[in-house]
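Chemist: Supplied in C-alpha cells, the structure appears directly below.
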Amino acid sequence: MLDIKITKIEKKKDKPTGPLGFGQYFTDHMFMMDYEVGKGWYNARIIPYGPIPMSPASSALHYGAEIFEGMKAYHTKDGKIQLFRPYENAKRMNSSAERLCLPQLPEEDFVQAVTTLISLDKDWVPTAEGTSLYVRPFMIGDDHTLGVHGVHHAIFMVILSPVGSYYKEGLNPVSIVIEKDDVRVAGKGGTGYTKCGGNYAASTRAGKKAEEKGYSQVLWLDAVERKYIEEVGSMNVMFKINGEIVTPALVGSILPGITRKSCIQILKDNGYQVNERRISVDELMEALENGTLEEAWGTGTAAVISPIGKFVVNDKEYIVNKQQIGKVSQMLYDEITGIQSGKLKDTRDWTLEVK
Ligand code: COI
C-alpha cells in the first residue's frame with residue numbers, strides 16, 4: 001500500500017460552466033510518484049495540478065518512453081462515484097510497460113493512486129447526462145542521458161479531466177475514410193498492442209487529413225499486407241455483416257480494448273455470437289457494395305460506442321444503416337453507459353466505488 005503525501009491547492013479553481021468537450025479542463029490536483037532501479041517506487045504524492053520540471057535530456061522527450069491509460073469515473077443516480085474496470089487498466093499498463101522497458105506498477109498501487117486522487121477532487125466529477133471524469137494515468141521514462149537503453153528512472157502520474165463526448169457527433173454516426181497510405185504501427189512484435197504515446201503520434205497525420213476533408217477519422221489497415229482491418233481512429237472496431245458480429249482478432253498490432261472486451265462479453269451474454277477473426281478490407285468492400293454491412297461501430301473508453309454511418313474509399317462514399325445508429329450499437333451503448341452510471345445493475349462486478 002502506498003503512503004501518499006497530500007499537498008492541497010491553496011485556492012480551488014473555478015469549474016467550467018459551458019460545454020466540457022474532451023480533455024480541455026483539469027482538476028485541482030495530480031498524483032505523482034518516482035521510480036529508480038534498485039529503489040523501486042517512492043515519493044508517492046498528490047500535489048496541485050501544474051507543470052512538472054523536466055531535464056531537457058529526459059528519455060521521455062527524446063525516445064518516446066511514454067505509456068498511458070484512459071478510464072472514467074461516473075456519478076451514479078444515488079450519489080456515489082464509481083470507476084469502470086480499473087484493474088483492467090492497471091493490468092494493461094503493466095503490459096505496455098513491459099514492452100517499453102518501463103517498470104511494473106502493482107495493480108493495487110495503480111488503483112489506490114487513482115481512487116485517492118478522485119476522492120480528493122470529487123467535486124469535479126460532472127453530473128450532467130453524458131459527462132464523466134476522464135482519468136489519465138501515465139508513465140514516462142526519465143533517464144537523463146542520450147544513450148538508448150532500458151529505463152532506470154521513471155515517473156508515474158495521474159491527471160483528471162471532466163469531459164463530455166469525445167466526438168462532436170456524440171452518439172450520431174461518424175464518417176470514416178479507409179486509410180491506404182499511413183499505418184498506425186508496425187506489425188507483430190511492434191508496439192501496436194500497447195498504449196504508448198508513439199502509436200498515437202504516428203496516427204495523427206492520417207487523422208488530420210481525414211478531418212481536413214470533413215470526415216471524423218480513418219480505418220486502419222495492417223502494416224504488412226495493407227489488407228486486414230485493425231482499428232478505427234483510436235478505437236477498436238466491430239461490424240455486423242450479414243448477421244455475423246465480427247471484430248479483428250488481437251494479433252499483436254491491435255490494442256486489447258477494455259470497452260472491446262466488455263462489448264464482447266455483453267454480446268455473448270445477450271445471446272449474440274461474436275467472431276474475433278481477421279477481416280479483410282475486400283470483405284468490407286464487398287459488404288458495402290452488396291448492402292450486407294448492417295452496422296459498424298468503434299469501441300473505446302473516450303467515445304464508449306461510436307456508430308459509423310459512412311465509409312469513404314478513394315473519394316467514393318458508402319452509407320451504412322441509413323446513417324442511423326443500429327440496434328446492436330444502441331444496445332451496447334445503453335448497457336455499458338447504464339452500468340457505468342449506475343442506472344443498470346452491475347451483475348459482473350465491473351464497477352468500483354470511489355469512497
Ligand atoms: C480510448 O478511447 O480508449 C482512447 O484511448 C482515446 C484517447 C486516445 C483519447
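Labels used: A, B, ... for chains in the order of the C-alpha cells, numbers from 1 for residues in each chain, and numbers from 1 for ligands as shown.
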Among segment 79-149 of chain A, which ones does DSSP assign to alpha helix (DSSP H) (computed from the backbone)? Answer as a ChimeraX atom specification.
Modeler: /A:86-99,107-120
Chemist: Can you tell me which residues sit at most 6 Å away from ligand 1, counting only C-alpha atoms and all ligand atoms, written as a list in words?
Modeler: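 So the residues close to ligand 1 are Gly70, Ser234, Met235, Gly300, Thr301, Ala302 and Ala303 of chain A.
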Chemist: Using atom CA of Leu133 of chain A and atom CA of Leu255 of chain A as the two end points, give the distance in Å to one decimal.
Modeler: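 Result for atom CA of Leu133 of chain A versus atom CA of Leu255 of chain A: 22.4 Å, one decimal.
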Chemist: Taking only C-alpha atoms into account, name the residue in A:Glu69, A:Glu289, A:Glu36, A:Glu353 that is nearest to Arg136 of chain A.
Modeler: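 Closest residue, counting only C-alpha atoms: A:Glu69.
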Chemist: Go through A:Ile245, A:Val281, A:Val328, A:Leu100 and flag the residue nearest Glu231 of chain A, using only C-alpha atoms for the distances.
Modeler: A:Val281
Chemist: Nearest to Ile325 of chain A: which of A:Leu250, A:Ile308, A:Met1, A:Met32 is it, counting only C-alpha atoms?
Modeler: A:Ile308
Chemist: Just to confirm, what's the straight-line distance from atom CA of Phe110 of chain A to atom CA of Ser58 of chain A in Å (one decimal)?
Modeler: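 Going from atom CA of Phe110 of chain A over to atom CA of Ser58 of chain A, I get 23.2 Å.
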Chemist: With only C-alpha atoms as the counted atoms, please give the residues lying no more than 10 Å from Asn89 of chain A, apart from itself and same-chain residues fewer than 4 positions off, as a list of chain:residue names.
Modeler: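 Returned residues: A:Phe68, A:Glu69, A:Gly70, A:Met71, A:Phe84, A:Arg85, A:Met93, A:Asn94, A:Ser95, A:Glu107, A:Phe110, A:Val111, A:Pro137, A:Gly257, A:Ile258.
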Chemist: Produce a file of the selected residues containing C-alpha atoms, as a compact mmCIF listing (two decimals), in the first residue's frame.
Modeler:
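Output saved as part-v6.txt:
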# COMPACT_ATOMS: atom_id res chain seq x y z
CA PHE A 68 -0.78 5.86 -20.74
CA GLU A 69 -4.19 4.61 -19.78
CA GLY A 70 -7.67 6.08 -20.05
CA MET A 71 -10.60 5.37 -17.77
CA PHE A 84 -15.38 1.02 -14.63
CA ARG A 85 -13.00 -1.98 -14.55
CA MET A 93 -0.48 -0.52 -18.19
CA ASN A 94 1.87 -3.22 -16.95
CA SER A 95 1.68 -4.99 -20.30
CA GLU A 107 -2.18 -3.14 -9.64
CA PHE A 110 -2.31 1.94 -9.52
CA VAL A 111 -5.89 1.74 -8.24
CA PRO A 137 -2.72 7.66 -15.65
CA GLY A 257 -9.52 -2.51 -25.56
CA ILE A 258 -11.39 -2.77 -22.27
Chemist: Using atom CA of Tyr42 of chain A and atom CA of Thr27 of chain A as the two end points, give the distance in Å to one decimal.
Modeler: 23.6 Å
